[in-house]
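Asker: File start00.csv below, CSV, C-alpha atoms:
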chain,number,residue,atom,x,y,z
K,17,ASN,CA,-5.3,42.0,3.5
K,18,ALA,CA,-2.7,39.7,5.1
K,19,GLY,CA,-1.1,42.7,6.8
K,20,VAL,CA,2.5,42.0,7.8
K,21,THR,CA,3.8,38.4,7.3
K,22,GLN,CA,7.1,36.8,8.2
K,23,THR,CA,8.8,33.7,7.0
K,24,PRO,CA,9.9,31.4,8.5
K,25,LYS,CA,8.1,31.1,11.8
K,26,PHE,CA,10.8,29.1,13.5
K,27,ARG,CA,14.4,28.3,12.6
K,28,VAL,CA,17.3,26.5,14.3
K,29,LEU,CA,20.8,27.4,13.1
K,30,LYS,CA,24.2,26.2,14.0
K,31,THR,CA,26.8,28.8,15.0
K,32,GLY,CA,28.4,30.3,11.8
K,33,GLN,CA,25.5,29.5,9.5
K,34,SER,CA,23.7,32.2,7.6
K,35,MET,CA,20.1,32.8,6.9
K,36,THR,CA,17.6,35.4,5.7
K,37,LEU,CA,14.3,36.4,7.3
K,38,LEU,CA,11.7,37.7,5.0
K,39,CYS,CA,9.1,40.4,5.9
K,40,ALA,CA,6.3,41.3,3.6
K,41,GLN,CA,3.5,43.8,3.9
K,42,ASP,CA,0.5,44.5,1.7
K,43,MET,CA,-0.6,47.8,3.2
K,44,ASN,CA,1.6,50.0,0.9
K,45,HIS,CA,3.5,51.3,4.0
K,46,GLU,CA,6.6,53.4,3.5
K,47,TYR,CA,8.4,52.5,6.7
K,48,MET,CA,9.5,49.1,7.8
K,49,TYR,CA,11.4,47.9,10.9
K,50,TRP,CA,13.2,44.9,12.3
K,51,TYR,CA,13.2,44.3,16.1
K,52,ARG,CA,14.5,41.6,18.3
K,53,GLN,CA,12.7,40.7,21.5
K,54,ASP,CA,14.6,39.1,24.4
K,55,PRO,CA,13.2,38.4,27.9
K,56,GLY,CA,13.3,41.5,30.0
K,57,MET,CA,14.7,43.6,27.2
K,58,GLY,CA,11.6,44.8,25.4
K,59,LEU,CA,11.7,45.5,21.7
K,60,ARG,CA,15.1,46.6,20.4
K,61,LEU,CA,15.4,48.1,16.9
K,62,ILE,CA,17.9,46.4,14.7
K,63,HIS,CA,17.5,48.2,11.3
K,64,TYR,CA,14.8,50.1,9.6
K,65,SER,CA,13.9,51.6,6.2
K,66,VAL,CA,12.0,54.7,5.3
K,67,GLY,CA,11.4,53.7,1.7
K,68,GLU,CA,12.3,51.4,-1.1
K,69,GLY,CA,16.1,51.3,-1.5
K,70,THR,CA,16.9,52.9,1.8
K,71,THR,CA,18.0,51.3,5.1
K,72,ALA,CA,19.4,52.7,8.4
K,73,LYS,CA,20.9,51.3,11.6
K,74,GLY,CA,18.9,51.0,14.7
K,75,GLU,CA,19.9,50.4,18.3
K,76,VAL,CA,21.5,46.9,17.9
K,77,PRO,CA,22.6,46.5,14.2
K,78,ASP,CA,25.8,44.5,14.7
K,79,GLY,CA,25.8,41.1,13.1
K,80,TYR,CA,22.8,41.9,10.9
K,81,ASN,CA,22.3,43.3,7.4
K,82,VAL,CA,19.1,44.3,5.6
K,83,SER,CA,17.8,45.1,2.2
K,84,ARG,CA,14.7,46.8,0.9
K,85,LEU,CA,14.7,46.2,-2.9
K,86,LYS,CA,10.9,46.3,-3.1
K,87,LYS,CA,8.6,48.5,-1.1
K,88,GLN,CA,6.6,45.6,0.2
K,89,ASN,CA,9.6,43.5,1.4
K,90,PHE,CA,12.2,43.9,4.0
K,91,LEU,CA,14.9,41.3,4.4
K,92,LEU,CA,17.0,40.7,7.5
K,93,GLY,CA,20.2,38.7,7.0
K,94,LEU,CA,22.5,37.0,9.5
K,95,GLU,CA,25.8,36.3,7.8
K,96,SER,CA,27.4,34.2,10.6
K,97,ALA,CA,24.9,33.3,13.3
K,98,ALA,CA,26.0,33.5,17.0
K,99,PRO,CA,24.2,32.1,20.1
K,100,SER,CA,23.7,35.7,21.2
K,101,GLN,CA,21.4,36.1,18.2
K,102,THR,CA,18.9,33.6,19.7
K,103,SER,CA,15.8,35.7,19.9
K,104,VAL,CA,12.3,36.4,18.6
K,105,TYR,CA,12.4,38.7,15.6
K,106,PHE,CA,9.6,41.0,14.8
K,107,CYS,CA,9.1,42.9,11.6
K,108,ALA,CA,6.8,46.0,11.6
K,109,SER,CA,5.6,48.5,9.1
K,110,SER,CA,4.2,52.0,9.4
K,111,PRO,CA,2.5,54.4,7.1
K,112,SER,CA,4.0,57.9,6.6
K,113,GLY,CA,1.8,60.9,7.4
K,114,GLY,CA,-1.9,60.5,8.1
K,115,ARG,CA,-3.8,60.6,11.4
K,116,SER,CA,-1.5,58.1,13.1
K,117,PRO,CA,1.7,58.3,11.3
K,118,TYR,CA,3.6,56.3,13.9
K,119,GLU,CA,1.3,53.3,14.5
K,120,GLN,CA,3.4,50.3,13.8
K,121,TYR,CA,1.8,47.1,12.6
K,122,PHE,CA,3.8,44.0,13.6
K,123,GLY,CA,4.2,40.6,12.0
K,124,PRO,CA,3.7,37.4,13.9
K,125,GLY,CA,7.4,37.0,14.7
K,126,THR,CA,10.2,34.5,13.9
K,127,ARG,CA,11.7,32.4,16.7
K,128,LEU,CA,15.3,31.8,16.0
K,129,THR,CA,17.6,29.5,18.0
K,130,VAL,CA,21.3,29.4,17.4
K,131,THR,CA,23.1,26.4,18.9
L,10,GLY,CA,18.4,59.5,22.1
L,11,GLU,CA,15.1,58.9,23.8
L,12,ASN,CA,15.1,56.7,26.9
L,13,VAL,CA,11.8,55.2,28.1
L,14,GLU,CA,11.4,53.5,31.4
L,15,GLN,CA,8.5,51.5,32.7
L,16,HIS,CA,7.5,50.7,36.3
L,17,PRO,CA,6.6,48.3,37.8
L,18,SER,CA,8.0,45.4,35.8
L,19,THR,CA,5.2,43.0,37.0
L,20,LEU,CA,1.8,43.9,38.2
L,21,SER,CA,-0.8,41.5,39.7
L,22,VAL,CA,-4.3,42.6,40.2
L,23,GLN,CA,-7.6,41.0,41.2
L,24,GLU,CA,-10.2,40.7,38.5
L,25,GLY,CA,-12.4,43.8,38.6
L,26,ASP,CA,-9.7,46.0,40.1
L,27,SER,CA,-7.8,48.7,38.3
L,28,ALA,CA,-4.2,48.5,37.0
L,29,VAL,CA,-1.9,51.5,36.4
L,30,ILE,CA,1.4,51.4,34.6
L,31,LYS,CA,3.7,54.4,34.5
L,32,CYS,CA,6.4,55.3,32.0
L,33,THR,CA,8.9,58.1,32.1
L,34,TYR,CA,10.7,59.5,29.1
L,35,SER,CA,13.8,61.6,28.7
L,36,ASP,CA,13.5,63.6,25.6
L,37,SER,CA,11.4,66.8,26.0
L,38,ALA,CA,10.8,66.9,22.2
L,39,SER,CA,8.7,63.7,22.3
L,40,ASN,CA,5.1,64.4,21.5
L,41,TYR,CA,3.6,61.0,20.6
L,42,PHE,CA,3.1,58.2,23.2
L,43,PRO,CA,1.6,54.9,22.2
L,44,TRP,CA,0.8,51.8,24.2
L,45,TYR,CA,1.2,48.3,22.8
L,46,LYS,CA,-0.3,45.1,24.2
L,47,GLN,CA,1.4,41.7,23.6
L,48,GLU,CA,-0.4,38.6,24.6
L,49,LEU,CA,1.6,35.4,25.2
L,50,GLY,CA,3.1,34.2,21.9
L,51,LYS,CA,1.4,36.9,19.9
L,52,ARG,CA,2.6,40.1,18.2
L,53,PRO,CA,2.5,43.5,19.8
L,54,GLN,CA,-0.6,45.5,18.9
L,55,LEU,CA,-1.4,49.2,19.5
L,56,ILE,CA,-4.2,49.7,22.0
L,57,ILE,CA,-4.2,53.4,22.6
L,58,ASP,CA,-2.0,56.4,21.9
L,59,ILE,CA,-1.8,60.1,23.0
L,60,ARG,CA,-0.3,63.2,21.6
L,61,SER,CA,1.1,66.0,23.6
L,62,ASN,CA,-1.6,68.4,22.8
L,63,VAL,CA,-4.0,66.5,25.1
L,64,GLY,CA,-3.6,65.4,28.7
L,65,GLU,CA,-5.9,62.4,28.8
L,66,LYS,CA,-7.5,60.0,26.3
L,67,LYS,CA,-10.0,57.2,27.0
L,68,ASP,CA,-11.2,54.2,25.1
L,69,GLN,CA,-13.7,52.1,27.0
L,70,ARG,CA,-11.9,50.5,29.9
L,71,ILE,CA,-8.4,51.9,29.0
L,72,ALA,CA,-7.1,55.4,29.4
L,73,VAL,CA,-3.8,57.2,29.0
L,74,THR,CA,-2.7,60.3,30.9
L,75,LEU,CA,0.2,62.5,30.0
L,76,ASN,CA,2.2,64.9,32.2
L,77,LYS,CA,4.7,66.7,29.9
L,78,THR,CA,6.1,68.8,32.8
L,79,ALA,CA,7.1,65.7,34.7
L,80,LYS,CA,7.8,63.7,31.5
L,81,HIS,CA,5.7,60.7,32.4
L,82,PHE,CA,2.6,59.1,31.0
L,83,SER,CA,0.4,56.3,32.4
L,84,LEU,CA,-1.9,53.5,31.2
L,85,HIS,CA,-5.0,52.9,33.3
L,86,ILE,CA,-7.1,49.8,32.9
L,87,THR,CA,-10.3,49.7,34.8
L,88,GLU,CA,-12.5,46.7,35.7
L,89,THR,CA,-9.7,44.3,34.7
L,90,GLN,CA,-10.6,41.0,33.1
L,91,PRO,CA,-8.6,37.9,32.5
L,92,GLU,CA,-8.1,38.9,28.8
L,93,ASP,CA,-6.2,41.9,30.0
L,94,SER,CA,-3.3,39.7,31.1
L,95,ALA,CA,-0.5,40.5,28.8
L,96,VAL,CA,2.8,42.5,28.5
L,97,TYR,CA,2.2,46.2,27.9
L,98,PHE,CA,4.9,48.3,26.2
L,99,CYS,CA,4.9,52.1,26.3
L,100,ALA,CA,6.8,54.1,23.6
L,101,ALA,CA,7.7,57.6,22.7
L,102,SER,CA,8.5,59.5,19.6
L,103,TYR,CA,8.3,63.0,18.1
L,104,TYR,CA,6.7,64.4,15.0
L,105,GLY,CA,9.0,63.9,12.0
L,106,ASN,CA,10.8,61.0,13.7
L,107,ASN,CA,9.8,57.6,12.2
L,108,ARG,CA,11.2,55.6,15.1
L,109,LEU,CA,9.7,54.6,18.4
L,110,ALA,CA,11.6,54.2,21.6
L,111,PHE,CA,10.1,51.3,23.5
L,112,GLY,CA,10.2,50.7,27.2
L,113,LYS,CA,11.1,47.2,28.4
L,114,GLY,CA,7.5,46.2,29.1
L,115,ASN,CA,5.2,45.4,32.1
L,116,GLN,CA,3.7,42.1,32.7
L,117,VAL,CA,0.1,42.4,33.9
L,118,VAL,CA,-1.5,39.4,35.5
L,119,VAL,CA,-5.2,39.5,36.3
L,120,ILE,CA,-6.1,37.0,39.0
L,121,PRO,CA,-9.7,35.6,38.6
Written as structure tokens, that's how I'd like the structure from this file.
Answerer:
Amino acid sequence: NAGVTQTPKFRVLKTGQSMTLLCAQDMNHEYMYWYRQDPGMGLRLIHYSVGEGTTAKGEVPDGYNVSRLKKQNFLLGLESAAPSQTSVYFCASSPSGGRSPYEQYFGPGTRLTVT
Amino acid sequence: GENVEQHPSTLSVQEGDSAVIKCTYSDSASNYFPWYKQELGKRPQLIIDIRSNVGEKKDQRIAVTLNKTAKHFSLHITETQPEDSAVYFCAASYYGNNRLAFGKGNQVVVIP
């Protein structure tokens, strides 16, 4: 199993450009999450999904959109990138139910720089 | 919503000594408390978790204790080794909630 994968690993954007980050998981997990990590700020939840076709806002959703058309994929979009969106983005997935229903499995991260 | 705070922000310990990181939480409904470890440039990974029906859980050199009355829980690392150097995140949630509230993280530096 590859677990949780993210593409791309690195990206540099100019202000105003758009891009999509792809997260894929092969563990048949119901829940998927997008976080951003900034120095001293910990992990902040952007958006999440509790199943195929569903999405919900997290703690810092402004400037981002998401889609979960397939269970294994969770896409994060930036329509008009801003320097404040320079960050490391982590995707995570989690099973529903079971012994550890809340363990989240993280992807390797995407480092995004907006100039 | 749940608010999780971690103290201290940075902790330096001599190799072989113990390290303790404490987290406080605000929501008395929280009943699940995991700890994640993130090495430099790597992804966060779960190292131990505890549920509110137990007060302490151990796994080799790491242990977590929970005090529900005071709303705090702590990570204990004994006999620290250089590979324990990392950022540690605590989190909290409650049964039926599929989100975790993370603390801001603690940098642990083990000095050889």
Asker: Find the spatial neighbours of Tyr97 of chain L, counting only C-alpha atoms, within a cut-off of 10 Å - ignore same-chain residues fewer than 6 positions away - and output them as an MDAnalysis selection string.
Answerer: (chainID K and resid 58) or (chainID L and resid 15 18 30 44:48 53:56 84 112:117)
Asker: Determine the nearest neighbour of Met57 of chain K from the options K:Val82, K:Val76, K:Cys107, K:Ala97, counting only C-alpha atoms.
Answerer: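 Closest residue, counting only C-alpha atoms: K:Val76.
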Asker: Give me, as a Markdown table, each residue of chain K that comes within 12 Å of chain L, together with its shortest interatomic pair and the distance in Å at one decimal, counting only C-alpha atoms, with rows ordered by chain and rising residue number.
Answerer:
| residue | atom | partner | partner_atom | distance |
| --- | --- | --- | --- | --- |
| K:Val20 | CA | L:Arg52 | CA | 10.6 |
| K:Thr21 | CA | L:Arg52 | CA | 11.1 |
| K:Gln22 | CA | L:Arg52 | CA | 11.5 |
| K:Lys25 | CA | L:Gly50 | CA | 11.7 |
| K:Glu46 | CA | L:Asn107 | CA | 10.2 |
| K:Tyr47 | CA | L:Asn107 | CA | 7.6 |
| K:Met48 | CA | L:Asn107 | CA | 9.6 |
| K:Tyr49 | CA | L:Arg108 | CA | 8.8 |
| K:Trp50 | CA | L:Arg108 | CA | 11.2 |
| K:Tyr51 | CA | L:Phe111 | CA | 10.6 |
| K:Arg52 | CA | L:Phe111 | CA | 11.9 |
| K:Gln53 | CA | L:Lys113 | CA | 9.6 |
| K:Asp54 | CA | L:Lys113 | CA | 9.7 |
| K:Pro55 | CA | L:Lys113 | CA | 9.1 |
| K:Gly56 | CA | L:Lys113 | CA | 6.3 |
| K:Met57 | CA | L:Lys113 | CA | 5.2 |
| K:Gly58 | CA | L:Lys113 | CA | 3.9 |
| K:Leu59 | CA | L:Phe111 | CA | 6.3 |
| K:Arg60 | CA | L:Phe111 | CA | 7.5 |
| K:Leu61 | CA | L:Ala110 | CA | 8.6 |
| K:Ile62 | CA | L:Arg108 | CA | 11.4 |
| K:His63 | CA | L:Arg108 | CA | 10.4 |
| K:Tyr64 | CA | L:Arg108 | CA | 8.6 |
| K:Ser65 | CA | L:Asn107 | CA | 9.4 |
| K:Val66 | CA | L:Asn107 | CA | 7.8 |
| K:Gly67 | CA | L:Asn107 | CA | 11.3 |
| K:Ala72 | CA | L:Arg108 | CA | 11.0 |
| K:Lys73 | CA | L:Arg108 | CA | 11.2 |
| K:Gly74 | CA | L:Arg108 | CA | 9.0 |
| K:Glu75 | CA | L:Ala110 | CA | 9.7 |
| K:Val104 | CA | L:Gly50 | CA | 10.0 |
| K:Tyr105 | CA | L:Arg52 | CA | 10.2 |
| K:Phe106 | CA | L:Arg52 | CA | 7.8 |
| K:Cys107 | CA | L:Arg52 | CA | 9.7 |
| K:Ala108 | CA | L:Pro53 | CA | 9.6 |
| K:Ser109 | CA | L:Asn107 | CA | 10.5 |
| K:Ser110 | CA | L:Asn107 | CA | 8.4 |
| K:Pro111 | CA | L:Asn107 | CA | 9.5 |
| K:Ser112 | CA | L:Asn107 | CA | 8.1 |
| K:Gly113 | CA | L:Gly105 | CA | 9.1 |
| K:Gly114 | CA | L:Tyr104 | CA | 11.7 |
| K:Arg115 | CA | L:Arg60 | CA | 11.1 |
| K:Ser116 | CA | L:Asp58 | CA | 9.0 |
| K:Pro117 | CA | L:Asn107 | CA | 8.2 |
| K:Tyr118 | CA | L:Asn107 | CA | 6.6 |
| K:Glu119 | CA | L:Leu55 | CA | 7.0 |
| K:Gln120 | CA | L:Leu55 | CA | 7.5 |
| K:Tyr121 | CA | L:Gln54 | CA | 6.9 |
| K:Phe122 | CA | L:Arg52 | CA | 6.1 |
| K:Gly123 | CA | L:Arg52 | CA | 6.4 |
| K:Pro124 | CA | L:Arg52 | CA | 5.2 |
| K:Gly125 | CA | L:Arg52 | CA | 6.7 |
| K:Thr126 | CA | L:Arg52 | CA | 10.4 |
| K:Arg127 | CA | L:Gly50 | CA | 10.2 |
Asker: What is the atom CA of Ala40 of chain K-atom CA of Pro99 of chain K distance in Å, reported with one decimal?
Answerer: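 Going from atom CA of Ala40 of chain K over to atom CA of Pro99 of chain K covers 26.0 Å.
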Asker: Just how far from atom CA of Asp26 of chain L is atom CA of Glu14 of chain L, in Å to one decimal?
Answerer: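 Distance reported for this atom pair: 24.0 Å.
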Asker: Find the residues near Val119 of chain L: any atom within 10 Å, counting only C-alpha atoms, skip ones fewer than 4 places away on the same chain, and give them as a list in words.
Answerer: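 After dropping sequence-adjacent residues, the list is Leu20, Ser21, Val22, Gln23, Glu24, Gly25, Asp26, Ser27, Ala28, Thr89, Gln90, Pro91, Glu92, Asp93, Ser94 and Ala95 of chain L.
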Asker: Name the closest residue to Asn62 of chain L among the candidates L:Lys31, L:Thr19, L:Asn40, L:Thr78; distances are taken between atoms, counting all atoms listed in the file.
Answerer: L:Asn40
